[in-house]
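Engineer: Structure below; questions to follow.
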Amino acid sequence: MDATKTDEREEAVATLGPFGSCPLPIFEHPQIVLGHGSGGKLSAELIEKIFVSRFRNSTLEKMDDQAVLEIGGARLAFTTDSFVVTPIFFPGGDIGTLAVNGTVNDLAMGGAKPLYLAAAFILEEGLPATELARVVDSMATAAQNAGVQLVTGDTKVVNRGKGDKVFITTTGIGVVDRGTQLSADLARPGDKILLSGFIGDHGITILSQRENLEFESTLESDCAALHGLVGAMLDAAAGAVEDFRVMRDPTRGGVATVLNEIAGRSRVGMVLRENEIPVRDSVRGACEMLGLDPLYVANEGKLVAIVAPEIADRVLAAMKRHPLGAESHIIGEVVQQPAGMVLMKTSVGGTRVVDVLFGEQLPRIC
Amino acid sequence: MCLAIPGKVVEIYSNEGLQMARVRFGGVTREACLDYVPETQLGDYVLVHVGFAISRVDEEEARRTYEALAELDQLGELEAPEVGEGSRSGS
Amino acid sequence: MKYLDEYRDGDIAAKLVERIKRAQTRPWVIMEVCGGQTHSIVKNGIDQLLPKGVELVHGPGCPVCVTPLEMIDKAHAVARRPEVIFCSFGDMLRVPGSDGDLFSIKSQGADVRVVYSPLDCLKIAQANPEKQVVFFAIGFETTAPANAMLAWQARRTGVKNVSLLVSHVLVPPAIEAVLSSPLNRVQGFLGPGHVCAVVGYTEYEPLAARFHVPIVVTGFEPLDILEGVLMVVEQLESGRAEVENQYSRVLARGGNHPARERIAKVFEVSDRKWRGVGMIPQSGLQLREEFRDLDAELRFNVQAIDTMEPAVCIAGQILQGIKKPHDCPAFGTACTPQHPLGATMVSAEGACAAYYAYGRHLKDADPAMIGANGNGRD
């Protein structure tokens, strides 16, 4: 590189103000891109700029996975979620089990006892009826196991090619009767971060079914309803329910995304320990092969909980006694600085930032 | 660049004139092309990059060099102890 | 996982760091060429473990971030065509061209697919005989055998609806460009382990001799990197300038002969433009005459696309190790992974992006304070 070019660049850089001009403004998207659905920064931007800005209210602005509403003296949790997974059948479950358990979990993360579901189906012309029946059978079983009733629903059919076999939107309602106050903005320095088990099972299972990335494994989705585990955890905290700060299920975007959201809303930092985070061999193998980080891979049967240090050990013990929490660990602590950032002590003794992804995590060769 | 990881060859076969293998990485198995390491045997470890084995792991060399590394641990104890807190101390 | 986990042992890492401290008596500047090594260093926090006198600077070893803007524009032009199924490694999907990235092209209706292996393109081509499958063949020498095999197999099995958009780059000319710069500060190198597994390291010997720099061909796991640094520091301290092989469990001096032969049959060396650095002669690969009919640039007539690079970032100096990401006033403010101004931020492997993702806390926070609860130090 010759000296004149260097000077030009330095000059150009020197004239950049803090909001410099970018020749490649790729975040102003005139169209929705896949990254908007990944749960990362793009998603957050979409939600903030297009949705929240138009529906301002204090409940919505908390941006928890459920809304806890006071109605006639009762506290009700209310949530909705859509399921668009491809393929619709995968080892460990299908789009139906996801739809029921996913919504039950969103309610449970608010401390609610899940009661009722509504489900709306968008069916693609040409979907075999037997496949639909199979999906709905799964939903019925999952609902029964979770102790919830499907009380109302809707179906629509769209032309072939306009909907990927089936899309399901579920809405759920539950009652919060334990005096819990759980929200992403309640984490405090000194709190412990608990994780209920192996991460990455669901996302890697789905990836293993996709052509161009397929590989063989005995891995299954961890799809499960978590309200029983949550109940056991809240029982263990009985008498100190205010020491229970936040609970989230790390679905798309994984543990990293959820912890960053909490760190941001609570204006705290977090320090994780890589050696404490459980990952199955098959998930590790797939992630190493594709260059993926398990911290960003979706889970459908796991939760992270942030609790005061005084109750951490007994909550952890209760988790480990529950079949869905056998591999629970304390994976880190909440700290004061650096606020809004999640850091991790690596297995070799260094420290790294666990950032939020921009869009989807992609396999890499680099 | 060059994300390549070692895996164990668990099956060898031919497909469309190419020497292929099923290679196991931890708990997952994927197909990889062996044409560039034709001397590979079942049970060998190969380094796989974008679906191609680009080299075989020399297990004897790996053992030898790893033992040298692990020995650093023991040698360290024979030498005079370092003053200071460890990796954060100024140097 | 065997041959992986052992090389992440924290106790051995600490011992290697101690060895480096004992060996080092003067400050040294070492460059790791490979983006994957940069990734490993920043992701594992290795640069913080090293004594202050050993400075790691990150080189141009990321084929994604050095792919010139005009090549991205050519890729977009091809991907937009309705008859094309455009296949690429995941790395390339978010690299911005003059007008969006492959994701936005996809959102406008293009058929863009991520593949793990170039051979997957053959399956896609066979499954879609009425379409044209184009593969974005990027990479250093490591990926050349795989990309060569796509061309070779396509020819051998008579699959006609496949072509390659080639943007291959070579490492030794990049190292030479770094060392030849009057602003160069680099005194030793961690050589690219997987590139050398393919092509060997004979080409690095004349470089080491001519510029009197030690080059230690190094692997990617934390212990590999630390051992590589130790070997470079030991050479620097004793005034030696040789090529050594730290990654001996996987490579030998001559590299992989069948792979080198196949590369030579399919590709030939050519001049290449590098994003942020400019034209480096004889620094890339293109398809040989006999395989030119598989060249997507010719098949889709996009050779004429010629884009001006924006002059606003110092990526060139970062790629050459002259500046660090933190030296750039735009780093983390005007220039972020979502809003990249230049080469080193566009790809997850680029030095700036790696720092942003894994290490940016270091500029603002005192590492000793990390983990403090506001009650004083731990």
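Chain labels run A, B, ... following the order of the structure tokens; each chain numbers its residues from 1, and ligands are numbered from 1 in the order shown.
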Taking only C-alpha atoms into account, what are the residues of chain A at most 6 Å from chain B, put as a ChimeraX atom specification?

Structural biologist: /A:215-217,281-282,285,365-366

Engineer: For the selection you just gave me, I'd like the residues written to a file as a CSV table (one decimal), in the first residue's frame, keeping C-alpha atoms.

Structural biologist:
chain,number,residue,atom,x,y,z
A,215,PHE,CA,-25.0,-35.6,9.4
A,216,GLU,CA,-25.9,-38.7,11.4
A,217,SER,CA,-26.4,-38.6,15.1
A,281,ASP,CA,-20.7,-34.9,22.7
A,282,SER,CA,-22.9,-35.1,19.7
A,285,GLY,CA,-19.1,-32.7,17.4
A,365,ILE,CA,-15.3,-22.7,6.7
A,366,CYS,CA,-13.1,-20.1,8.1

Engineer: If we count only C-alpha atoms, what is near Leu324 in chain A at a cut-off of 9 Å, once residues fewer than 5 positions away on the same chain are taken out, given as a ChimeraX atom specification?

Structural biologist: /A:196-197,224,226,228-229,301-302,319

Engineer: Considering only C-alpha atoms, state which residue in the set C:Ala151, C:Leu230, C:Ala264, C:Leu119 is at the smallest distance from chain A.

Structural biologist: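 For chain A, the nearest of the given residues is C:Leu119.
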
Engineer: With only C-alpha atoms considered, list every residue of chain C at most 7 Å from chain B, as a ChimeraX atom specification.

Structural biologist: /C:1,3,12,15,34-36,49,51-53,61-62,116-117,142,146,194,197-198,248-250,256,258-259

Engineer: Would you mind exporting the chosen residues as a PDB file, in the first residue's frame, restricted to C-alpha atoms?

Structural biologist:
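Produced file selection_12.pdb, reproduced below:
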ATOM      1  CA  MET C   1     -13.275 -35.238  21.290  1.00  0.00           C
ATOM      2  CA  TYR C   3      -7.136 -34.707  19.206  1.00  0.00           C
ATOM      3  CA  ILE C  12      -0.869 -26.939  30.300  1.00  0.00           C
ATOM      4  CA  LYS C  15       2.601 -23.721  31.928  1.00  0.00           C
ATOM      5  CA  CYS C  34      -4.964 -17.344   9.608  1.00  0.00           C
ATOM      6  CA  GLY C  35      -8.447 -16.031  10.417  1.00  0.00           C
ATOM      7  CA  GLY C  36      -9.193 -19.288  12.189  1.00  0.00           C
ATOM      8  CA  LEU C  49      -2.818 -14.582  28.838  1.00  0.00           C
ATOM      9  CA  PRO C  51       2.905 -11.313  28.734  1.00  0.00           C
ATOM     10  CA  LYS C  52       2.686  -7.684  27.628  1.00  0.00           C
ATOM     11  CA  GLY C  53       5.950  -7.964  25.743  1.00  0.00           C
ATOM     12  CA  GLY C  61      -5.773 -14.719   6.659  1.00  0.00           C
ATOM     13  CA  CYS C  62      -9.442 -14.503   6.074  1.00  0.00           C
ATOM     14  CA  TYR C 116     -21.151 -27.459   3.876  1.00  0.00           C
ATOM     15  CA  SER C 117     -19.152 -29.073   1.083  1.00  0.00           C
ATOM     16  CA  THR C 142      -6.864 -25.296   2.288  1.00  0.00           C
ATOM     17  CA  ALA C 146     -12.251 -29.411  -2.327  1.00  0.00           C
ATOM     18  CA  HIS C 194      -4.306 -26.127   7.572  1.00  0.00           C
ATOM     19  CA  ALA C 197      -1.381 -29.416   5.686  1.00  0.00           C
ATOM     20  CA  VAL C 198      -2.406 -29.165   2.033  1.00  0.00           C
ATOM     21  CA  SER C 248       3.511 -32.009  13.265  1.00  0.00           C
ATOM     22  CA  ARG C 249       0.695 -34.372  14.236  1.00  0.00           C
ATOM     23  CA  VAL C 250      -1.131 -33.342  11.095  1.00  0.00           C
ATOM     24  CA  ASN C 256      -0.465 -33.493   0.747  1.00  0.00           C
ATOM     25  CA  PRO C 258      -2.539 -35.957  -4.166  1.00  0.00           C
ATOM     26  CA  ALA C 259      -4.164 -32.656  -3.166  1.00  0.00           C
TER      27      ALA C 259
END

Engineer: Considering only helix (DSSP H, G or I) as DSSP defines it on the backbone, what residues of range 43-187 of chain C qualify? List them as a PyMOL selection string.

Structural biologist: chain C and resi 43-44+46-49+63-66+69-79+90-94+102-107+120-127+144-157+171-180

Engineer: Calculated over only C-alpha atoms, which of the candidates A:Val52, A:Leu213, A:Leu76, A:Ala286 has the smallest distance to chain C?

Structural biologist: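 Smallest separation from chain C among the options: A:Leu213.
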
Engineer: Using CA of Val151 in chain A and CA of Ile173 in chain A as the two end points, give the distance in Å to one decimal.

Structural biologist: 10.8 Å

Engineer: Would you mind telling me which residue in A:Asn299, A:Thr180, A:Asn275, A:Gln149 lies nearest to chain C when using only C-alpha atoms?

Structural biologist: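 Among A:Asn299, A:Thr180, A:Asn275, A:Gln149, it is A:Asn275 that comes nearest to chain C.
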
Engineer: For CA of Lys113 in chain A and CA of Ala77 in chain A, quote the distance in Å rounded to one decimal.

Structural biologist: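 Distance between the two atoms: 8.6 Å.
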